[in-house]
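Below is one structure, written out as structure tokens; the observations come after it.
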There are 2 protein chains.
Amino acid sequence: MADGERVPRRGRPPVSDEQRGRQRLDISRHAVRLFAEQGVAATSGEQIAKAAGVSERTLWRYFSTKESCVEPLLTQMIDAFRTVLHAWPPELGLIEHLRTAYQPVIDSSSGADVEAVLAVVRLTHDEPALRAAYLVLRERAEETFTEVLAERMGMRPHTFDVRVQAAVMSAVLKAAADDFARETAGRGITPEALEGHRDRLADALGLATRGLSGR
Amino acid sequence: MADGERVPRRGRPPVSDEQRGRQRLDISRHAVRLFAEQGVAATSGEQIAKAAGVSERTLWRYFSTKESCVEPLLTQMIDAFRTVLHAWPPELGLIEHLRTAYQPVIDSSSGADVEAVLAVVRLTHDEPALRAAYLVLRERAEETFTEVLAERMGMRPHTFDVRVQAAVMSAVLKAAADDFARETAGRGITPEALEGHRDRLADALGLATRGLSGR
DNA sequence: AGTTTGTTGGCAGTAACTGTCATTAAAGTT
DNA sequence: AACTTTAATGACAGTTACTGCCAACAAACT
């Protein structure tokens, strides 16, 4: 069934997914920097391509719209959270787990990336097209939450309850991220703001999902 | 402070908001029909404009993107729900209220509009650009829920808890709408499907917001 | 009729993409 | 090393969603 054969291929091999991912992430960083500096509308695909050192044509091969250039950076964060969620031990409450495990989420990625992500979140409030891309991204993230939650709840992912629960989690994350981005607007990311964010997130998630564990 | 003066104006008066709304709704119906018939990507702004009997230039004055042409139709539904939500008596549980009051939501608008809305919901699963517009719309709807909920909860709209609660409500609505659209895909809207939809919506909303009333 | 204010339509222009194809890169084969 | 094969890239033309601009028209009041 699974065709794991290592047939000797001919010709140039396709780039690995990791390499492609790195390339996309690199472009993403340049794009977000430009977006933050001069706004999304004022930034052209040509500029992004030039900054990233690729032709405009390949830029469009990597990203379908210029707004979606922010995707890799944001996905990085979401993946980190999903990893934490996946490591949630069955016997522990979500609140306690997040308080202890959510710390590395911030450390693992470089501080600059976190700042960039927050910058994007702020930008989405003014640039409609970016807001749309942002919401699409969050929805895709929600689907991955669904899988994790389904496993934990012992249900199949497409179940109504599971989907709603994932949506709740996603909504809490979004609200918390919005607040965090707003608080850290002028000043940078202070450890206190970070702690406050984590606590509020843990509280709200624990509250919203209190039907899940322990109960 | 409030300048309620009825200063005698000169020149042609601006079109009333109601008239503008009607115009937008009319265009919306044509656009959705075309989208459903031939897909969003294959439908051009020129086609929509011609179908609605306006120039392409005015079409772009009424809608910023061709995807946002679906807005008035969808907003109609959301407004109906918000009205029901607003009429929610303090002493009643949300489940009971919805079971009795959600009926008119469907009746008030013409059946064709409801079908059109469901068609849009189905389309959003295949057409990314439409999905983005759809999510933006739902988020805007969420904000109006926030206001209603804030009033009921005796809190200010921007409070974290209120926002999360509104997001939960919005998420449930979305999941229910998705299911309803999928069920009514081949066949039309049967009374049974409608009833099932209303009941599931009431149940899930009652469950998800059980922290709100009565406990 | 004339003036004022607002809406509409036409037309040119911009920029975000897409299709196509020649060129280059990285592998294996002889 | 030359040759073949497969895949990525870049250059260029083309399409289309939208924007700016201005002339034409519509609806009010004088």
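A note on labels: chains of the structure tokens are A, B, ... as shown, every chain counts residues from 1, and ligands are counted from 1 in their shown order.
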Contact table range 17-61 of chain A vs range 5-20 of chain C, cut-off 9 Å, shortest pair per residue, only C-alpha atoms (C1' of nucleotides), as a Markdown table:
| residue | atom | partner | partner_atom | distance |
| --- | --- | --- | --- | --- |
| A:Ser44 | CA | C:DA15 | C1' | 7.9 |
| A:Gly45 | CA | C:DA16 | C1' | 7.8 |
| A:Trp60 | CA | C:DC17 | C1' | 7.5 |
Output for the residues just chosen: N, CA and C atoms as a compact mmCIF listing (two decimals), in the first residue's frame:
# COMPACT_ATOMS: atom_id res chain seq x y z
N SER A 44 4.87 46.99 -3.13
CA SER A 44 4.56 46.22 -4.34
C SER A 44 5.24 44.86 -4.31
N GLY A 45 4.70 43.96 -5.09
CA GLY A 45 5.31 42.65 -5.20
C GLY A 45 6.74 42.77 -5.71
N TRP A 60 5.64 35.07 -6.99
CA TRP A 60 4.25 34.66 -7.19
C TRP A 60 4.12 33.15 -7.24
Each residue of chain B with at least one atom at most 8 Å from chain D should appear once, together with its nearest atom pair and the corresponding distance in Å (one decimal); atoms considered: only C-alpha atoms (C1' of nucleotides); ordering: chain, then increasing residue number; output as a tab-separated table.
residue	atom	partner	partner_atom	distance
B:Arg9	CA	D:DC29	C1'	7.8
B:Arg10	CA	D:DC29	C1'	5.6
B:Gly11	CA	D:DA28	C1'	4.8
B:Arg12	CA	D:DA28	C1'	4.6
B:Pro13	CA	D:DA28	C1'	6.5
B:Gly45	CA	D:DA17	C1'	7.7
B:Trp60	CA	D:DC18	C1'	7.4
B:Thr65	CA	D:DC18	C1'	7.8
Keeping only C-alpha atoms, take the residues you just selected and write them out as a PDB file, in the first residue's frame.
ATOM      1  CA  ARG B   9     -29.584  72.582   1.619  1.00  0.00           C
ATOM      2  CA  ARG B  10     -28.774  73.498  -1.936  1.00  0.00           C
ATOM      3  CA  GLY B  11     -28.288  71.240  -4.909  1.00  0.00           C
ATOM      4  CA  ARG B  12     -29.062  67.588  -5.426  1.00  0.00           C
ATOM      5  CA  PRO B  13     -29.492  65.695  -2.171  1.00  0.00           C
ATOM      6  CA  GLY B  45     -16.895  42.787 -12.632  1.00  0.00           C
ATOM      7  CA  TRP B  60     -16.659  49.598  -7.984  1.00  0.00           C
ATOM      8  CA  THR B  65     -13.885  44.081  -4.471  1.00  0.00           C
TER       9      THR B  65
END
Those in range 32-211 of chain A with alpha helix (DSSP H) from DSSP, as a ChimeraX atom specification: /A:32-38,45-52,56-62,71-86,94-101,103-108,111-123,128-153,160-183,191-208
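Rounded to one decimal, CA of Ala175 in chain A and CA of Leu92 in chain B lie 28.4 Å from each other.
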Please list as a PyMOL selection string every residue within 12 Å of Arg29 in chain A, counting only C-alpha atoms (C1' of nucleotides) and excluding residues in the same chain fewer than 5 positions away. chain A and resi 22-24+34-36+48-49+51-52+68-74+76+110+112-117+119-120
Distance of CA of Glu183 in chain A from CA of Ala166 in chain A, expressed in Å to one decimal place: 25.8 Å
Which of these residues is nearest to chain B, using only C-alpha atoms: A:Val164, A:Leu207, A:Ala185, A:Leu173? A:Val164
Can you list, as a PyMOL selection string, every protein, DNA or RNA residue that comes within 9 Å of Val40 in chain B when you count only C-alpha atoms (C1' of nucleotides), leaving out same-chain residues fewer than 5 positions away? chain B and resi 31-32+34-35+66-67+123+127+129-130
Those same residues - N, CA and C atoms - I'd like them written as a compact mmCIF listing (two decimals), in the first residue's frame.
# COMPACT_ATOMS: atom_id res chain seq x y z
N ALA B 31 -24.90 39.29 -8.45
CA ALA B 31 -23.52 38.78 -8.33
C ALA B 31 -23.52 37.35 -7.82
N VAL B 32 -24.30 37.10 -6.80
CA VAL B 32 -24.32 35.75 -6.22
C VAL B 32 -24.84 34.74 -7.23
N LEU B 34 -24.57 34.89 -10.46
CA LEU B 34 -23.48 34.63 -11.41
C LEU B 34 -22.37 33.78 -10.77
N PHE B 35 -22.03 34.10 -9.56
CA PHE B 35 -21.00 33.31 -8.87
C PHE B 35 -21.41 31.84 -8.81
N LYS B 66 -14.86 42.46 -5.97
CA LYS B 66 -16.00 41.73 -6.51
C LYS B 66 -16.51 40.71 -5.51
N GLU B 67 -15.62 40.19 -4.68
CA GLU B 67 -16.06 39.23 -3.67
C GLU B 67 -16.99 39.88 -2.65
N LEU B 123 -19.93 27.93 -1.82
CA LEU B 123 -18.87 28.42 -2.70
C LEU B 123 -17.60 28.75 -1.93
N GLU B 127 -13.57 28.56 -3.26
CA GLU B 127 -12.98 29.78 -3.80
C GLU B 127 -12.31 30.58 -2.68
N ALA B 129 -10.66 33.38 -2.43
CA ALA B 129 -10.90 34.82 -2.30
C ALA B 129 -12.27 35.07 -1.66
N LEU B 130 -13.24 34.25 -2.03
CA LEU B 130 -14.57 34.41 -1.46
C LEU B 130 -14.56 34.02 0.01
If you take only C-alpha atoms and a cut-off of 7 Å, which residues of chain B touch chain A, and what are their nearest atom pairs and distances in Å to one decimal, in chain and number order, as a Markdown table?
| residue | atom | partner | partner_atom | distance |
| --- | --- | --- | --- | --- |
| B:Ala132 | CA | A:Ala132 | CA | 5.1 |
| B:Ala133 | CA | A:Ala132 | CA | 6.6 |
| B:Leu135 | CA | A:Leu135 | CA | 6.4 |
| B:Val136 | CA | A:Ala132 | CA | 5.8 |
| B:Val164 | CA | A:Val172 | CA | 5.9 |
| B:Ala167 | CA | A:Ala171 | CA | 5.8 |
| B:Val168 | CA | A:Val168 | CA | 5.3 |
| B:Ala171 | CA | A:Ala167 | CA | 5.8 |
| B:Val172 | CA | A:Val164 | CA | 5.9 |
| B:Ala175 | CA | A:Val164 | CA | 6.9 |
